[in-house]
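Beneath this line is the structure, given in structure tokens, with notes to follow.
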Number of protein chains: 2
Amino acid sequence: MGRRKANPDSPAAPYVRVKLHIAEDAVGPGKIDLLRFIETEGGISAAARRMGVTYRRAWHLVDTMNSAFGNPVVETAVGGDGGGGARLTPLGRELIANYDELNARIEPAARDLLEWVEQTRAR
Amino acid sequence: MGRRKANPDSPAAPYVRVKLHIAEDAVGPGKIDLLRFIETEGGISAAARRMGVTYRRAWHLVDTMNSAFGNPVVETAVGGDGGGGARLTPLGRELIANYDELNARIEPAARDLLEWVEQTRAR
DNA sequence: GTGGGTTATGCCACATTGAGCATAGCGGGG
DNA sequence: CCCCGCTATGCTCAATGTGGCATAACCCAC
């Protein structure tokens, strides 16, 4: 996994991440990206391959999200055309949209904090 | 696997957390609270006791923050009056202030997301 | 009815993390 | 001079997370 080895003059840039904690689970950029891939790829396996994680893990992430929300964010079909597949529910699509909106709204504040960090490290 | 919450009456309220990732370390509410306690209690041990964590761990958290920032956020004194102690540096105080400001600015967006979550779980 | 690709799950090995315990060094106060 | 509380740090053990197989069930297409 390419953890970028720091070039002394460009230390890995600091960044900010937001996580939504809900009923024993936490949804952050990782699970949201997984949902995006499920939507575009049409299945959990394909999404897992795209993200470079095992199907086992991707499935588990989906499962925990589904139970955390009480209602499914992803619905699956086993067997059939193409072997089966998975799609986002309306709830799943809303989740992505709302998470994206949150990130867009916090961006200015995050940028200010990161600017301060860069300043302090420079001196 | 349907893991139902133990107490249907009070479903742990969803919440949002922001983490600042900086040089292999991540600073979130936990480390910020630790800094606050160090400031008010005057030492790492006292702060650790207040937070219900071991001194070992609290010290480690402080140590990783100090190296992540390049400059110390906490300065310590060993031996002497009261056995020693720890204080925030100006950088440490700025960190708390900036983190608090970030959270304050994020609050409206976070509240909207959480409201949506509550809505979806209610139906 | 056989095959292929997918969902659904269990099991085991390994890495990471935090807890708990132990110890050493420090220096002002009694 | 010795004690006490605190900083500093190492080591071990338990819990948890992830990765990598392995397997079963499913169902459309051929």
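We label chains A, B, ... in the order they appear in the structure tokens, count residues from 1 in each chain, and number ligands from 1 in the order shown.
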
(message) I'd like the neighbourhood of stretch 20-27 of chain D as a ChimeraX atom specification, where a residue qualifies if any of its atoms comes within 6 Å (using only C-alpha atoms (C1' of nucleotides)), though same-chain residues fewer than 2 positions away should be ignored.
(response) /A:78-80

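Inside chain B, the residues DSSP reads as strand (DSSP E or B) when given the backbone are Tyr15, Val16, Arg17, Val18, Lys19, Leu20, His21, Ile22, Asp25, Ala26, Val27, Val74, Glu75, Thr76, Ala77, Val78, Gly84, Gly85, Ala86, Arg87 and Leu88 of chain B.
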
Compile a residue-level contact table for chain D against chain B at a cut-off of 10 Å, reporting for every qualifying residue the shortest atom pair and its distance in Å to one decimal, with only C-alpha atoms (C1' of nucleotides) counted, rows ordered by chain and ascending number, as JSON lines.
{"residue": "D:DC4", "atom": "C1'", "partner": "B:Gly83", "partner_atom": "CA", "distance": 7.3}
{"residue": "D:DG5", "atom": "C1'", "partner": "B:Gly83", "partner_atom": "CA", "distance": 4.5}
{"residue": "D:DC6", "atom": "C1'", "partner": "B:Gly83", "partner_atom": "CA", "distance": 4.5}
{"residue": "D:DT7", "atom": "C1'", "partner": "B:Val78", "partner_atom": "CA", "distance": 5.2}
{"residue": "D:DA8", "atom": "C1'", "partner": "B:Trp59", "partner_atom": "CA", "distance": 8.6}
{"residue": "D:DT9", "atom": "C1'", "partner": "B:Arg56", "partner_atom": "CA", "distance": 8.8}

(message) Over all C-alpha pairs taken in order, what is the RMSD once chain B has been least-squares superposed onto chain A?
(response) 3.3 Å

(request) Determine which residues of chain C sit within 7 Å of chain A, taking into account only C-alpha atoms (C1' of nucleotides), and present them as a ChimeraX atom specification. (result) /C:5-7

(request) From a DSSP calculation on the backbone, collect every residue of chain B in alpha helix (DSSP H) and output the set as a ChimeraX atom specification. (result) /B:29-41,44-51,55-69,90-122

Residues from last step as file, C-alpha atoms, as a short mmCIF file (atom, residue, chain, number, x, y, z; two decimals), in the first residue's frame:
data_model
loop_
_atom_site.label_atom_id
_atom_site.label_comp_id
_atom_site.auth_asym_id
_atom_site.auth_seq_id
_atom_site.Cartn_x
_atom_site.Cartn_y
_atom_site.Cartn_z
CA PRO B 29 -11.71 15.03 20.07
CA GLY B 30 -9.83 12.56 22.27
CA LYS B 31 -6.41 14.13 22.03
CA ILE B 32 -7.88 17.62 22.20
CA ASP B 33 -9.67 16.75 25.43
CA LEU B 34 -6.43 15.34 26.77
CA LEU B 35 -4.75 18.67 26.09
CA ARG B 36 -7.53 20.46 27.91
CA PHE B 37 -7.10 18.26 30.96
CA ILE B 38 -3.34 18.71 30.93
CA GLU B 39 -3.91 22.42 30.96
CA THR B 40 -6.39 22.40 33.83
CA GLU B 41 -4.77 19.63 35.85
CA ILE B 44 -0.09 14.15 32.30
CA SER B 45 -0.85 11.76 35.18
CA ALA B 46 -3.65 13.89 36.54
CA ALA B 47 -5.09 14.32 33.05
CA ALA B 48 -4.90 10.58 32.43
CA ARG B 49 -6.73 9.85 35.67
CA ARG B 50 -9.41 12.32 34.74
CA MET B 51 -9.90 10.69 31.36
CA TYR B 55 -0.57 7.29 32.16
CA ARG B 56 1.25 5.11 29.63
CA ARG B 57 -1.32 5.84 26.99
CA ALA B 58 -1.73 9.52 27.75
CA TRP B 59 2.00 10.00 27.54
CA HIS B 60 2.09 8.23 24.22
CA LEU B 61 -0.66 10.40 22.80
CA VAL B 62 1.21 13.52 23.84
CA ASP B 63 4.43 12.14 22.41
CA THR B 64 2.91 11.40 19.00
CA MET B 65 1.34 14.86 18.86
CA ASN B 66 4.61 16.52 19.68
CA SER B 67 6.43 14.71 16.92
CA ALA B 68 3.60 15.09 14.44
CA PHE B 69 3.78 18.86 14.79
CA PRO B 90 1.51 28.35 22.94
CA LEU B 91 1.29 25.99 19.98
CA GLY B 92 -0.78 23.59 22.08
CA ARG B 93 -3.18 26.34 23.07
CA GLU B 94 -3.49 27.48 19.49
CA LEU B 95 -4.27 23.93 18.45
CA ILE B 96 -7.15 23.71 20.90
CA ALA B 97 -8.47 27.09 19.81
CA ASN B 98 -8.30 26.26 16.12
CA TYR B 99 -9.85 22.85 16.58
CA ASP B 100 -12.68 24.38 18.58
CA GLU B 101 -13.22 26.98 15.93
CA LEU B 102 -13.37 24.32 13.23
CA ASN B 103 -16.02 22.45 15.19
CA ALA B 104 -18.01 25.59 15.77
CA ARG B 105 -18.02 26.42 12.07
CA ILE B 106 -18.96 22.88 11.15
CA GLU B 107 -21.76 22.59 13.60
CA PRO B 108 -24.64 23.79 11.39
CA ALA B 109 -23.76 21.41 8.56
CA ALA B 110 -23.27 18.55 11.00
CA ARG B 111 -26.60 19.26 12.64
CA ASP B 112 -28.38 19.11 9.29
CA LEU B 113 -26.83 15.74 8.49
CA LEU B 114 -27.73 14.35 11.90
CA GLU B 115 -31.26 15.58 11.54
CA TRP B 116 -31.58 13.71 8.28
CA VAL B 117 -30.22 10.58 9.95
CA GLU B 118 -32.77 10.80 12.73
CA GLN B 119 -35.53 11.23 10.17
CA THR B 120 -34.57 8.15 8.22
CA ARG B 121 -34.27 6.02 11.31
CA ALA B 122 -37.65 7.10 12.58
#

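All of the residues in chain A within 6 Å of chain B are Pro14, Tyr15, Val16, Arg17, Val18, Lys19, Leu20, His21, Ile22, Leu102, Ile106 and Ala109 of chain A, where only C-alpha atoms were counted.
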
Close residues, D:DG19 itself excluded, 9 Å, only C-alpha atoms (C1' of nucleotides), min 3 positions apart in chain, as a PDB file with C-alpha atoms (C1' of nucleotides), in the first residue's frame:
ATOM      1  CA  VAL A  53     -10.128  -4.912  -0.941  1.00  0.00           C
ATOM      2  CA  THR A  54     -11.458  -8.425  -0.563  1.00  0.00           C
ATOM      3  CA  ARG A  57     -14.393  -7.098   3.648  1.00  0.00           C
TER       4      ARG A  57
ATOM      5  C1'  DA C  13      -3.207 -16.357  10.513  1.00  0.00           C
ATOM      6  C1'  DC C  14      -1.212 -11.996  11.112  1.00  0.00           C
TER       7       DC C  14
END
